[in-house]
Amino acid sequence: MYADRINSLPPYLFAAIDKAKQEVIKKGIDVINLSIGDPDMPTPPHIVEAMKRSVCNPQRHRYPSYEGMLSFRTAAADWIKKTMNVDLNPEDEVLTLIGSKEGIAHIPLAFLNPGDISLVPDPAYPVYNIGTILADGKPYKMPLLAENDFLPDLDAIPASIAKKAKLMFINYPNNPTSATASLKFFGEVVDFAAENDILVVHDNAYSEMTYDGYKAPSFLSVSGAKDISIEMHSLSKTYNMTGWRIGFAIGNRDIIAGLGKVKTNVDSGAFECVQEAGIAALTGTQDCVRGMNEIYKERRDALIAGLKELGLEVKPPKATFYVWVRVAGSSFDFTKVLLEKAGIVATPGVGFGEYGEGYIRFALTQSVERINEAVERMHKLDI
Ligand SMILES: *Cc1c(COP(=O)(O)O)cnc(C)c1O
């Protein structure tokens, strides 16, 4: 019944975890869910208020333009200038997205012919791989290994693959490893991509979720990057807006136009009220972002201290709300024990790709009290 491209999608491991979780809940066990990459705190009130005002304006009820409101794209360009010091023309170097996932999933359709290669990290957010498969492209995995600080080893990519590759996806600050990348590494990617005629898609969904004074750069701040790349941005994690579906792509105008061409034919743009709420988020006070980062930092410190006491090997991440922990044996079995014996849900690294095996991911989307409770339960488990 299904097309080959659907049949060839990798099995969705998270569905199995969800089922196991439901069974544990049914038994009446109090479950602490540390697996969700979705902020637990609400969207800040000034953003909700902007939505309320906008939704009463009948002009906003009509089809939006596919490329997004110029006012939103201008707010996005100004925000990028302020946070990352990159200059953009909002007319043709910024495109509104219905969440950045939408842009990531659609971009291979604009640039891959059947059988073309895209370079995708592993472990990774699954959409780089799946977007490639849905466009009948061929993903080539770039392992993210601890010994390389979870950066892809560009020298390890065979020349024959590099020559044939059309797209490369990278994501820093990284989900699931929480690794960050230096401008030096971004510069190496620009050189590699320029040499091999590859378009780079940098996913910067966690740019604002940083700690201890670390600031995540834009890939586009590297010289030459705008010739060969676009960067995906999302309001989801930064402003607790995952449900609103709003993000934007920035960078090379021809790549932006290619993605825009797909979007014109597939969707009709983001609801204008959501874009107006997005403008309020991007142009309003950023105290909410600082406040949330303080909360995540407290949770991070509580979890790291607890895991260290348990003898697990962990470093406090400089960014994202994930803690990536090395474990002995199968990551799936490890999370199964955590769930069934302690009522703790964590994500097995193998769910993010074969090179995620041997790790589990905790998300800091529960209160310090719940995190401390989880650590206590793990103590009793004696892992
Ligand atoms: C959460 C996340 C996104 C954001 O997706 P939206 O569609 O903007 O909600 C993108 N990339 C990564 C790596 C993520 O973890």
# chains A, B, ... in the order shown; residues from 1 in each chain; ligands from 1
>>> residues_around(residues="region 181-186 of chain A", least_positions_apart="6", cutoff="12 Å", atoms="only C-alpha atoms", output="PyMOL selection string")
chain A and resi 148-154+170-174+192-193+200-202+204+207+214-225+229+318-319
>>> residues_near_ligand(ligand="ligand 1", cutoff="9 Å", atoms="only C-alpha atoms and all ligand atoms", output="PyMOL selection string")
chain A and resi 37-38+97-104+124-127+171-176+203-206+232-237+241-248+320
>>> residues_around(residues="Ile256 (chain A)", least_positions_apart="2", cutoff="8 Å", atoms="only C-alpha atoms", output="list in words")
Asp92, Glu93, Val94, Leu95, Ile230, Ala249, Ile250, Gly251, Asn252, Arg253, Asp254, Gly258, Leu259 and Gly260 of chain A
>>> select_by_dssp(residues="region 200-310 of chain A", states="strand (DSSP E or B)", output="tab-separated table (two decimals) with C-alpha atoms, in the first residue's frame")
chain	number	residue	atom	x	y	z
A	200	VAL	CA	25.28	23.56	4.12
A	201	VAL	CA	22.16	23.66	6.26
A	202	HIS	CA	22.97	24.69	9.81
A	203	ASP	CA	20.23	24.03	12.36
A	210	THR	CA	23.25	28.73	26.67
A	229	SER	CA	24.63	27.95	3.30
A	230	ILE	CA	21.42	28.65	5.08
A	231	GLU	CA	20.69	28.53	8.77
A	232	MET	CA	17.45	27.38	10.38
A	233	HIS	CA	16.10	29.24	13.39
A	234	SER	CA	13.22	28.36	15.64
A	247	GLY	CA	10.67	29.65	12.76
A	248	PHE	CA	12.70	31.13	9.94
A	249	ALA	CA	15.50	30.37	7.50
A	250	ILE	CA	18.29	32.86	6.78
A	251	GLY	CA	21.24	32.99	4.43
>>> select_by_dssp(residues="region 244-318 of chain A", states="alpha helix (DSSP H)", output="VMD selection string")
chain A and resid 253 to 266 272 to 283 287 to 309
>>> residues_around(residues="region 3-9 of chain A", least_positions_apart="2", cutoff="8 Å", atoms="only C-alpha atoms", output="JSON, numbers by chain")
{"A": [1, 11, 130, 133, 134, 136]}
>>> residues_around(residues="region 335-340 of chain A", least_positions_apart="4", cutoff="12 Å", atoms="only C-alpha atoms", output="ChimeraX atom specification")
/A:14,16-35,325,327-331,344-351,357-362,374-375,377-383
>>> closest_residue(among="A:Asp227, A:Glu354, A:Glu298, A:Glu208", to="Thr83 (chain A)", atoms="only C-alpha atoms")
A:Glu208
>>> residues_around(residues="region 278-288 of chain A", least_positions_apart="6", cutoff="8 Å", atoms="only C-alpha atoms", output="PyMOL selection string")
chain A and resi 44+46-47+50+71-72+75-76+79+235+239+246
>>> atom_distance(atom1="CA of Thr177 (chain A)", atom2="CA of Asp333 (chain A)")
19.3 Å
>>> closest_residue(among="A:Ile228, A:Leu167, A:Ala146, A:Ile80", to="Val314 (chain A)", atoms="only C-alpha atoms")
A:Ala146
>>> closest_atom_pairs(of="region 279-382 of chain A", to="region 106-122 of chain A", cutoff="8 Å", atoms="only C-alpha atoms", output="CSV")
residue,atom,partner,partner_atom,distance
A:Phe352,CA,A:Asp122,CA,6.8
A:Gly353,CA,A:Asp122,CA,5.3
A:Glu354,CA,A:Asp122,CA,7.0
A:Tyr355,CA,A:Asp122,CA,5.8
A:Gly356,CA,A:Asp122,CA,7.0
>>> write_last_selection(atoms="N, CA, C and O atoms", output="short mmCIF file (atom, residue, chain, number, x, y, z; two decimals), in the first residue's frame")
data_model
loop_
_atom_site.label_atom_id
_atom_site.label_comp_id
_atom_site.auth_asym_id
_atom_site.auth_seq_id
_atom_site.Cartn_x
_atom_site.Cartn_y
_atom_site.Cartn_z
N PHE A 352 18.65 8.02 18.18
CA PHE A 352 19.12 9.13 17.35
C PHE A 352 20.09 8.66 16.28
O PHE A 352 20.69 9.47 15.57
N GLY A 353 20.28 7.34 16.17
CA GLY A 353 21.20 6.81 15.17
C GLY A 353 22.16 5.82 15.79
O GLY A 353 22.33 5.79 17.02
N GLU A 354 22.80 5.01 14.95
CA GLU A 354 23.64 3.91 15.47
C GLU A 354 24.80 4.42 16.32
O GLU A 354 25.24 3.73 17.25
N TYR A 355 25.31 5.62 16.00
CA TYR A 355 26.44 6.13 16.78
C TYR A 355 26.01 6.76 18.11
O TYR A 355 26.84 7.23 18.87
N GLY A 356 24.72 6.75 18.34
CA GLY A 356 24.22 7.18 19.64
C GLY A 356 24.19 6.03 20.64
O GLY A 356 23.93 6.23 21.83
#
>>> closest_residue(among="A:Glu373, A:Asp197, A:Glu313, A:Glu272", to="Gly68 (chain A)", atoms="only C-alpha atoms")
A:Glu272
>>> closest_residue(among="A:Lys341, A:Lys315, A:Lys81, A:Lys226", to="Asp301 (chain A)", atoms="only C-alpha atoms")
A:Lys315
>>> closest_residue(among="A:Ala270, A:Gly213, A:Lys308, A:Ile371", to="Glu294 (chain A)", atoms="only C-alpha atoms")
A:Gly213
>>> atom_distance(atom1="CA of Ala77 (chain A)", atom2="CA of Pro58 (chain A)")
26.7 Å
>>> atom_distance(atom1="CA of Phe321 (chain A)", atom2="CA of Ser178 (chain A)")
7.7 Å
